[in-house]
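Containing compact mmCIF, C-alpha atoms (C1' of nucleotides) and all ligand atoms: run_4.txt.
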# COMPACT_ATOMS: atom_id res chain seq x y z
CA MET A 1274 10.40 -12.15 40.78
CA ILE A 1275 13.44 -10.28 41.89
CA ARG A 1276 15.73 -12.29 39.69
CA ARG A 1277 13.45 -11.65 36.73
CA SER A 1278 13.36 -7.92 37.35
CA LEU A 1279 17.11 -7.83 37.63
CA ARG A 1280 17.57 -9.67 34.36
CA ALA A 1281 15.02 -7.54 32.60
CA GLY A 1282 16.52 -4.43 34.09
CA ALA A 1283 19.18 -3.73 31.52
CA PRO A 1284 17.06 -3.57 28.35
CA LEU A 1285 14.31 -1.78 30.25
CA LEU A 1286 16.65 0.92 31.45
CA GLN A 1287 18.05 1.18 27.95
CA ALA A 1288 14.54 1.63 26.59
CA MET A 1289 13.76 4.32 29.17
CA GLU A 1290 16.93 6.09 28.19
CA GLN A 1291 16.00 5.96 24.51
CA LEU A 1292 12.53 7.32 25.12
CA LYS A 1293 13.77 10.09 27.38
CA THR A 1294 16.32 11.26 24.84
CA VAL A 1295 13.71 11.52 22.10
CA GLY A 1296 11.23 13.28 24.39
CA LEU A 1297 8.59 10.58 24.69
CA ARG A 1298 7.11 9.71 28.08
CA PRO A 1299 8.21 6.24 29.13
CA THR A 1300 4.80 4.69 29.51
CA ARG A 1301 4.21 1.02 30.23
CA GLN A 1302 3.09 0.48 26.62
CA ARG A 1303 5.98 2.26 24.96
CA LEU A 1304 8.53 0.55 27.19
CA ALA A 1305 7.09 -2.87 26.42
CA LEU A 1306 6.98 -2.21 22.68
CA ALA A 1307 10.52 -0.82 22.71
CA GLN A 1308 11.75 -3.99 24.39
CA LEU A 1309 9.95 -6.23 21.92
CA LEU A 1310 11.33 -4.21 19.04
CA PHE A 1311 14.91 -3.74 20.12
CA GLU A 1312 15.85 -6.77 22.20
CA ARG A 1313 16.43 -8.66 18.97
CA SER A 1314 18.49 -7.21 16.18
CA SER A 1315 17.29 -6.09 12.76
CA ARG A 1316 13.58 -6.79 12.67
CA HIS A 1317 11.04 -5.91 10.02
CA VAL A 1318 7.60 -5.93 11.61
CA THR A 1319 4.12 -4.81 10.73
CA ALA A 1320 1.85 -3.14 13.27
CA GLU A 1321 -0.38 -6.21 13.43
CA GLN A 1322 2.62 -8.48 13.99
CA LEU A 1323 3.95 -6.37 16.83
CA HIS A 1324 0.50 -6.15 18.37
CA GLY A 1325 0.29 -9.94 18.21
CA GLU A 1326 3.67 -10.29 19.89
CA ALA A 1327 2.66 -7.92 22.64
CA ARG A 1328 -0.50 -9.89 23.29
CA GLY A 1329 1.54 -13.08 23.28
CA ALA A 1330 3.81 -11.54 25.92
CA ALA A 1331 0.79 -10.58 28.03
CA VAL A 1332 1.34 -6.88 27.38
CA ARG A 1333 -2.00 -5.08 27.31
CA VAL A 1334 -1.83 -2.53 24.54
CA SER A 1335 -4.29 -1.43 21.90
CA LEU A 1336 -3.63 -1.61 18.18
CA ALA A 1337 -4.07 2.16 17.99
CA THR A 1338 -1.24 2.60 20.45
CA VAL A 1339 0.95 0.23 18.48
CA TYR A 1340 0.39 2.38 15.40
CA ASN A 1341 0.98 5.60 17.36
CA THR A 1342 4.14 4.21 18.87
CA LEU A 1343 5.55 2.91 15.60
CA HIS A 1344 5.02 6.31 13.99
CA GLN A 1345 6.47 8.17 16.96
CA PHE A 1346 9.53 5.92 17.01
CA THR A 1347 9.91 6.47 13.28
CA SER A 1348 9.72 10.26 13.65
CA ALA A 1349 12.26 10.03 16.45
CA GLY A 1350 14.66 8.10 14.22
CA LEU A 1351 14.43 4.88 16.24
CA LEU A 1352 12.70 3.07 13.36
CA ARG A 1353 12.49 3.32 9.61
CA GLU A 1354 9.34 2.69 7.61
CA VAL A 1355 9.70 0.42 4.58
CA VAL A 1356 7.00 0.64 1.93
CA ILE A 1357 7.32 -2.36 -0.31
CA ASP A 1358 4.05 -4.20 -0.16
CA PRO A 1359 0.84 -2.62 -1.41
CA GLY A 1360 -1.35 -2.05 1.63
CA ARG A 1361 1.07 -3.02 4.40
CA SER A 1362 3.86 -1.04 6.03
CA TYR A 1363 6.94 -2.61 7.57
CA PHE A 1364 8.89 -0.96 10.36
CA ASP A 1365 12.60 -1.63 10.40
CA THR A 1366 14.62 -1.61 13.61
CA ASN A 1367 17.77 -1.18 11.56
CA THR A 1368 18.11 2.55 11.01
CA SER A 1369 21.63 2.42 9.68
CA ASP A 1370 22.35 2.92 6.00
CA HIS A 1371 21.28 -0.31 4.35
CA HIS A 1372 19.13 -1.81 1.61
CA HIS A 1373 16.82 -4.79 1.19
CA PHE A 1374 16.23 -8.08 -0.47
CA TYR A 1375 12.53 -8.65 -0.95
CA ASP A 1376 10.84 -11.93 -1.74
CA GLN A 1377 7.42 -10.85 -2.89
CA ALA A 1378 5.94 -14.34 -2.95
CA HIS A 1379 6.75 -14.79 0.73
CA CYS A 1380 6.57 -11.13 1.87
CA ALA A 1381 10.08 -11.65 3.26
CA LEU A 1382 12.42 -8.71 3.81
CA SER A 1383 16.10 -9.08 4.60
CA ASP A 1384 18.92 -6.60 4.93
CA ILE A 1385 21.77 -5.73 2.61
CA PRO A 1386 24.50 -3.75 4.37
CA GLY A 1387 24.85 -0.25 2.96
CA HIS A 1388 28.52 -0.72 2.15
CA ALA A 1389 27.69 -3.79 0.05
CA VAL A 1390 26.06 -1.64 -2.62
CA SER A 1391 27.81 1.13 -4.44
CA LEU A 1392 26.19 3.17 -7.12
CA ALA A 1393 27.36 5.70 -9.64
CA PHE A 1394 24.80 8.33 -10.59
CA LEU A 1395 24.75 10.44 -13.61
CA PRO A 1396 21.34 12.07 -13.08
CA GLN A 1397 21.08 15.12 -10.88
CA ALA A 1398 18.00 15.45 -8.74
CA PRO A 1399 15.37 17.49 -10.61
CA ASP A 1400 15.93 21.23 -10.41
CA GLY A 1401 14.95 22.70 -7.07
CA SER A 1402 15.17 19.43 -5.20
CA VAL A 1403 17.77 17.60 -3.19
CA VAL A 1404 18.45 13.90 -2.64
CA GLU A 1405 17.33 12.73 0.75
CA ARG A 1406 17.97 8.99 0.62
CA VAL A 1407 18.69 6.29 -1.94
CA GLU A 1408 16.81 3.08 -1.47
CA VAL A 1409 17.79 -0.11 -3.27
CA ILE A 1410 15.37 -3.02 -3.33
CA VAL A 1411 16.60 -6.28 -4.79
CA HIS A 1412 13.59 -8.35 -5.72
CA ILE A 1413 14.36 -12.02 -5.38
CA ARG A 1414 12.51 -15.23 -6.04
CA LYS A 1415 12.97 -18.64 -4.42
CA VAL A 1416 14.04 -21.32 -6.83
CA PRO A 1417 14.04 -25.12 -6.45
CA ARG A 1418 17.48 -26.30 -5.37
CA MET B 1208 -16.60 12.47 -37.38
CA ILE B 1209 -14.80 10.73 -40.18
CA ARG B 1210 -11.72 12.85 -39.76
CA ARG B 1211 -11.72 12.09 -36.06
CA SER B 1212 -11.98 8.37 -36.65
CA LEU B 1213 -9.19 8.48 -39.17
CA ARG B 1214 -6.93 10.39 -36.84
CA ALA B 1215 -7.75 8.13 -33.93
CA GLY B 1216 -7.23 5.09 -36.11
CA ALA B 1217 -3.51 4.67 -35.67
CA PRO B 1218 -3.31 4.48 -31.88
CA LEU B 1219 -6.50 2.43 -31.77
CA LEU B 1220 -5.12 -0.14 -34.18
CA GLN B 1221 -1.89 -0.17 -32.25
CA ALA B 1222 -3.83 -0.81 -29.03
CA MET B 1223 -5.78 -3.66 -30.67
CA GLU B 1224 -2.52 -5.15 -31.83
CA GLN B 1225 -1.08 -4.96 -28.32
CA LEU B 1226 -4.11 -6.59 -26.75
CA LYS B 1227 -4.25 -9.33 -29.34
CA THR B 1228 -0.61 -10.24 -28.88
CA VAL B 1229 -1.04 -10.60 -25.09
CA GLY B 1230 -4.25 -12.61 -25.49
CA LEU B 1231 -6.75 -10.11 -24.10
CA ARG B 1232 -10.01 -9.45 -25.91
CA PRO B 1233 -10.00 -5.95 -27.35
CA THR B 1234 -13.07 -4.67 -25.58
CA ARG B 1235 -14.27 -1.08 -25.76
CA GLN B 1236 -13.07 -0.49 -22.20
CA ARG B 1237 -9.61 -2.01 -22.62
CA LEU B 1238 -9.04 -0.18 -25.89
CA ALA B 1239 -10.00 3.15 -24.37
CA LEU B 1240 -7.82 2.59 -21.31
CA ALA B 1241 -4.89 1.47 -23.48
CA GLN B 1242 -5.18 4.66 -25.49
CA LEU B 1243 -5.32 6.84 -22.39
CA LEU B 1244 -2.33 5.01 -20.95
CA PHE B 1245 -0.10 4.77 -23.98
CA GLU B 1246 -0.84 7.79 -26.14
CA ARG B 1247 1.44 9.81 -23.87
CA SER B 1248 4.85 8.58 -22.88
CA SER B 1249 5.99 7.49 -19.45
CA ARG B 1250 3.06 7.93 -17.14
CA HIS B 1251 2.67 6.96 -13.52
CA VAL B 1252 -1.01 6.66 -12.73
CA THR B 1253 -3.17 5.32 -9.97
CA ALA B 1254 -6.37 3.42 -10.67
CA GLU B 1255 -8.47 6.29 -9.40
CA GLN B 1256 -6.60 8.78 -11.61
CA LEU B 1257 -7.09 6.69 -14.72
CA HIS B 1258 -10.74 6.17 -13.88
CA GLY B 1259 -11.11 9.94 -13.55
CA GLU B 1260 -9.44 10.50 -16.92
CA ALA B 1261 -11.69 7.96 -18.56
CA ARG B 1262 -14.77 9.65 -17.15
CA GLY B 1263 -13.40 12.99 -18.31
CA ALA B 1264 -13.03 11.56 -21.81
CA ALA B 1265 -16.64 10.30 -21.71
CA VAL B 1266 -15.50 6.69 -21.60
CA ARG B 1267 -17.98 4.67 -19.58
CA VAL B 1268 -15.99 2.20 -17.52
CA SER B 1269 -16.29 1.01 -13.95
CA LEU B 1270 -13.56 1.34 -11.36
CA ALA B 1271 -13.51 -2.46 -11.03
CA THR B 1272 -12.68 -2.76 -14.71
CA VAL B 1273 -9.95 -0.16 -14.38
CA TYR B 1274 -8.38 -2.25 -11.62
CA ASN B 1275 -8.84 -5.48 -13.59
CA THR B 1276 -7.32 -3.91 -16.68
CA LEU B 1277 -4.34 -2.41 -14.87
CA HIS B 1278 -3.53 -5.77 -13.32
CA GLN B 1279 -4.01 -7.62 -16.60
CA PHE B 1280 -1.79 -5.17 -18.44
CA THR B 1281 0.79 -5.58 -15.69
CA SER B 1282 0.70 -9.38 -15.95
CA ALA B 1283 1.05 -9.04 -19.69
CA GLY B 1284 4.14 -6.88 -19.32
CA LEU B 1285 2.51 -3.75 -20.72
CA LEU B 1286 2.70 -1.98 -17.36
CA ARG B 1287 4.80 -2.12 -14.24
CA GLU B 1288 3.44 -1.67 -10.73
CA VAL B 1289 5.35 0.71 -8.48
CA VAL B 1290 4.81 0.37 -4.73
CA ILE B 1291 6.16 3.45 -3.07
CA ASP B 1292 3.29 5.03 -1.22
CA PRO B 1293 1.58 3.25 1.65
CA GLY B 1294 -1.94 2.43 0.53
CA ARG B 1295 -1.69 3.51 -3.11
CA SER B 1296 -0.30 1.69 -6.14
CA TYR B 1297 1.14 3.43 -9.16
CA PHE B 1298 1.15 1.85 -12.59
CA ASP B 1299 4.02 2.79 -14.83
CA THR B 1300 3.73 2.82 -18.62
CA ASN B 1301 7.49 2.68 -18.89
CA THR B 1302 8.37 -1.01 -18.73
CA SER B 1303 11.96 -0.55 -19.77
CA ASP B 1304 14.78 -0.91 -17.29
CA HIS B 1305 14.65 2.28 -15.25
CA HIS B 1306 14.46 3.71 -11.74
CA HIS B 1307 12.63 6.52 -9.95
CA PHE B 1308 12.90 9.80 -8.19
CA TYR B 1309 10.20 10.10 -5.57
CA ASP B 1310 9.09 13.26 -3.85
CA GLN B 1311 7.13 11.96 -0.90
CA ALA B 1312 5.73 15.34 0.10
CA HIS B 1313 4.14 15.76 -3.32
CA CYS B 1314 3.58 12.08 -4.19
CA ALA B 1315 5.50 12.79 -7.40
CA LEU B 1316 7.26 10.02 -9.30
CA SER B 1317 9.70 10.64 -12.14
CA ASP B 1318 11.93 8.38 -14.15
CA ILE B 1319 15.66 7.79 -14.03
CA PRO B 1320 16.93 5.97 -17.12
CA GLY B 1321 18.32 2.54 -16.30
CA HIS B 1322 21.69 3.31 -17.84
CA ALA B 1323 22.05 6.36 -15.59
CA VAL B 1324 22.50 4.17 -12.54
CA SER B 1325 25.20 1.57 -12.23
CA LEU B 1326 25.67 -0.52 -9.16
CA ALA B 1327 28.30 -2.88 -7.92
CA PHE B 1328 27.02 -5.67 -5.71
CA LEU B 1329 28.94 -7.71 -3.32
CA PRO B 1330 26.03 -9.61 -1.71
CA GLN B 1331 24.72 -12.72 -3.37
CA ALA B 1332 21.01 -13.35 -3.25
CA PRO B 1333 20.20 -15.52 -0.21
CA ASP B 1334 20.80 -19.21 -0.79
CA GLY B 1335 18.13 -20.83 -2.91
CA SER B 1336 16.91 -17.60 -4.47
CA VAL B 1337 17.66 -15.63 -7.58
CA VAL B 1338 17.62 -11.90 -8.34
CA GLU B 1339 14.60 -10.89 -10.35
CA ARG B 1340 14.94 -7.12 -10.52
CA VAL B 1341 16.84 -4.32 -8.85
CA GLU B 1342 14.82 -1.26 -8.00
CA VAL B 1343 16.43 2.04 -7.08
CA ILE B 1344 14.32 4.76 -5.51
CA VAL B 1345 15.93 8.14 -4.99
CA HIS B 1346 13.93 10.00 -2.40
CA ILE B 1347 14.08 13.71 -3.06
CA ARG B 1348 12.77 16.79 -1.33
CA LYS B 1349 11.91 20.17 -2.83
CA VAL B 1350 14.04 22.98 -1.48
CA PRO B 1351 13.54 26.77 -1.70
CA ARG B 1352 15.58 28.13 -4.60
C1' DA C 1155 -25.74 -14.65 -39.89
C1' DT C 1156 -26.84 -17.60 -35.64
C1' DA C 1157 -26.40 -20.05 -31.63
C1' DG C 1158 -23.55 -21.51 -28.22
C1' DT C 1159 -19.69 -20.68 -25.40
C1' DT C 1160 -16.46 -18.23 -22.98
C1' DA C 1161 -14.76 -14.03 -21.22
C1' DA C 1162 -15.51 -9.31 -19.58
C1' DT C 1163 -18.01 -5.74 -17.28
C1' DT C 1164 -20.58 -3.92 -13.60
C1' DA C 1165 -22.80 -2.08 -9.19
C1' DG C 1166 -22.48 -2.62 -4.98
C1' DA C 1167 -20.93 -5.04 -0.99
C1' DA C 1168 -17.06 -6.63 1.49
C1' DC C 1169 -12.39 -6.27 3.00
C1' DC C 1170 -8.69 -4.72 5.76
C1' DA C 1171 -4.85 -1.90 7.04
C1' DT C 1172 -4.81 2.36 8.88
C1' DT C 1173 -6.52 6.64 10.99
C1' DC C 1174 -9.68 9.22 13.72
C1' DT C 1175 -12.62 10.49 17.77
C1' DA C 1176 -13.63 11.69 22.09
C1' DA C 1177 -13.74 9.70 26.57
C1' DT C 1178 -10.71 7.89 30.12
C1' DC C 1179 -6.40 7.36 32.25
C1' DT C 1180 -1.50 8.40 33.46
C1' DA C 1181 2.90 10.74 33.88
C1' DT C 1182 4.82 14.94 35.08
C1' DT C 1183 5.22 19.37 37.37
C1' DG C 1184 4.65 22.67 40.91
C1' DC D 472 -1.32 16.33 46.38
C1' DA D 473 -3.52 18.99 42.89
C1' DA D 474 -3.40 20.62 38.16
C1' DT D 475 -2.13 19.95 33.54
C1' DA D 476 -0.42 18.12 29.53
C1' DG D 477 0.14 13.98 27.28
C1' DA D 478 -1.11 9.05 26.31
C1' DT D 479 -4.19 5.23 25.77
C1' DT D 480 -8.32 3.16 24.31
C1' DA D 481 -12.60 1.07 22.08
C1' DG D 482 -14.90 1.55 18.53
C1' DA D 483 -16.21 4.03 14.43
C1' DA D 484 -14.73 5.86 10.15
C1' DT D 485 -11.83 5.96 6.02
C1' DG D 486 -10.24 4.74 1.60
C1' DG D 487 -7.91 2.01 -1.67
C1' DT D 488 -8.63 -2.40 -3.33
C1' DT D 489 -10.93 -6.84 -4.10
C1' DC D 490 -14.92 -9.79 -4.41
C1' DT D 491 -19.59 -11.38 -5.89
C1' DA D 492 -22.95 -12.69 -8.78
C1' DA D 493 -25.78 -10.93 -12.34
C1' DT D 494 -25.58 -8.89 -16.99
C1' DT D 495 -23.43 -8.01 -21.27
C1' DA D 496 -20.17 -8.59 -24.99
C1' DA D 497 -16.73 -11.04 -27.81
C1' DC D 498 -15.48 -15.12 -30.02
C1' DT D 499 -16.11 -19.81 -32.38
C1' DA D 500 -18.28 -23.17 -35.00
C1' DT D 501 -21.70 -24.04 -37.75
MN MN E 1501 2.62 5.92 8.10
MN MN E 1502 -2.07 -5.25 -7.10
ZN ZN E 1503 16.14 -3.47 7.02
ZN ZN E 1504 8.73 5.00 -14.23
Re-express the file's structure as structure tokens.
Amino acid sequence: MIRRSLRAGAPLLQAMEQLKTVGLRPTRQRLALAQLLFERSSRHVTAEQLHGEARGAAVRVSLATVYNTLHQFTSAGLLREVVIDPGRSYFDTNTSDHHHFYDQAHCALSDIPGHAVSLAFLPQAPDGSVVERVEVIVHIRKVPR
Amino acid sequence: MIRRSLRAGAPLLQAMEQLKTVGLRPTRQRLALAQLLFERSSRHVTAEQLHGEARGAAVRVSLATVYNTLHQFTSAGLLREVVIDPGRSYFDTNTSDHHHFYDQAHCALSDIPGHAVSLAFLPQAPDGSVVERVEVIVHIRKVPR
DNA sequence: ATAGTTAATTAGAACCATTCTAATCTATTG
DNA sequence: CAATAGATTAGAATGGTTCTAATTAACTAT
């Protein structure tokens, strides 16, 4: 018990810190979801997936709260929403500048480091608007080896 | 009446030609939708929008047929599906190599010619897969002038 | 032209990810 | 320890999309 708490202490404290700095109350549910999301690196999860993981880890949390939390984390800059699949949103724990490979047949997203793609634009943004973000999606397909 | 038929003849024949070459029966509904889609250049429409236009043009067609037709046209290479908005698919009449500006606040899509964007890749596609298409989405935001 | 065959259309139901509601609970503050 | 603002929740509602199975229309062979 004690040993487990001690081990779990570091990521939990880190999660509390994160939540405090973005002005969200560190509730049991948000702390648990933050740990599931951020203890591994670079994840692309759907709300249903994360809800399933929470249940699997014996964390009692409603699907509504999972949705609320994912959106709050996104607004706070802790997550990024990736819209790539009609009718399903992915949430990306990698908020650094990067792009994606996407295998549509397998609904599989993987990262491309931002520095690995360079692009030269001619077109200005339409008059009266400003560029917010450039997103590059490389659609790939599995082939027999 | 006659004058109208004669004028409408050209695009209608063109639409029949298109459908025939992709192996789809030129039904009243598909011909009407093809005309609505292709008589103007570079459109980005949702199924509901196109259905509304058809109704406005006194074309009797069900929403199910609009969906069927959009997907068939997409499979046939006459349209391209653009997934950019969670829970809404756009169909693009421009099937040439090009990219998009997207104003999320106004759900407004506009084209960027393919030749206006050049990119230098370092990353290979993951092992056992091949690049199918590279999609660039430039997220823009309207600013006060 | 006609009949037979195949494909397309349709209304309405079903689906399903997501959002909403309003009641309950919890963290925070004084 | 109140009082209050904020968070969670079950379950209903939403809305774009897909499905179903019955009807209608296009095509093919005669
Ligand atoms: Mn969202
Ligand atoms: Mn689709
Ligand atoms: Zn990513
Ligand atoms: Zn386009």
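Distances from A:Phe1374, A:Tyr1340, A:Phe1364, A:Phe1346 to chain C were compared using only C-alpha atoms (C1' of nucleotides), and the smallest one belongs to A:Tyr1340.
Near Asn1341 in chain A, within a cut-off of 10 Å and counting all atoms listed in the file, sit the residues A:Arg1303, A:Ala1320, A:Ser1335, A:Thr1347, C:DT1173, D:DA478, D:DT479, with same-chain residues fewer than 6 positions away left out.
Computed from the coordinates, the CA of Val1350 in chain B to CA of Val1404 in chain A distance equals 10.2 Å.
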Rounded to one decimal, what separation in Å do you get between CA of Tyr1363 in chain A and CA of Val1252 in chain B?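 If I compute the distance from CA of Tyr1363 in chain A to CA of Val1252 in chain B, I get 23.7 Å.
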9 Å from ligand MN 1502 (chain E) is the threshold here; counting all atoms listed in the file, which polymer residues fall inside it? Answer as a ChimeraX atom specification. /A:1359 /B:1274,1277-1278,1288,1296 /D:488
Using only C-alpha atoms (C1' of nucleotides) and all ligand atoms, what are the residues with an atom within 8 Å of ligand ZN 1504 (chain E), set out as a PyMOL selection string? chain B and resi 1249-1251+1289+1299-1302+1305-1307+1316-1319
Missing atoms in range 1313-1324 of chain B need filling: write out N, CA and C atoms for it as a short mmCIF file (atom, residue, chain, number, x, y, z; two decimals), keeping the file's coordinate frame.
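Contents of the output file result.cif:
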data_model
loop_
_atom_site.label_atom_id
_atom_site.label_comp_id
_atom_site.auth_asym_id
_atom_site.auth_seq_id
_atom_site.Cartn_x
_atom_site.Cartn_y
_atom_site.Cartn_z
N HIS B 1313 5.06 15.43 -2.23
CA HIS B 1313 4.14 15.76 -3.32
C HIS B 1313 3.66 14.52 -4.06
N CYS B 1314 3.99 13.33 -3.54
CA CYS B 1314 3.58 12.08 -4.19
C CYS B 1314 3.93 12.10 -5.67
N ALA B 1315 5.12 12.64 -6.00
CA ALA B 1315 5.50 12.79 -7.40
C ALA B 1315 6.62 11.82 -7.78
N LEU B 1316 6.31 11.01 -8.78
CA LEU B 1316 7.26 10.02 -9.30
C LEU B 1316 7.84 10.52 -10.62
N SER B 1317 9.15 10.38 -10.81
CA SER B 1317 9.70 10.64 -12.14
C SER B 1317 10.80 9.64 -12.45
N ASP B 1318 11.05 9.45 -13.72
CA ASP B 1318 11.93 8.38 -14.15
C ASP B 1318 13.41 8.74 -14.10
N ILE B 1319 14.21 7.73 -13.86
CA ILE B 1319 15.66 7.79 -14.03
C ILE B 1319 15.99 6.68 -15.03
N PRO B 1320 16.61 7.02 -16.15
CA PRO B 1320 16.93 5.97 -17.12
C PRO B 1320 17.80 4.89 -16.48
N GLY B 1321 17.57 3.65 -16.88
CA GLY B 1321 18.32 2.54 -16.30
C GLY B 1321 19.82 2.71 -16.44
N HIS B 1322 20.25 3.21 -17.59
CA HIS B 1322 21.69 3.31 -17.84
C HIS B 1322 22.34 4.41 -17.03
N ALA B 1323 21.50 5.25 -16.37
CA ALA B 1323 22.05 6.36 -15.59
C ALA B 1323 22.48 5.92 -14.19
N VAL B 1324 22.14 4.70 -13.85
CA VAL B 1324 22.50 4.17 -12.54
C VAL B 1324 23.30 2.90 -12.74
#
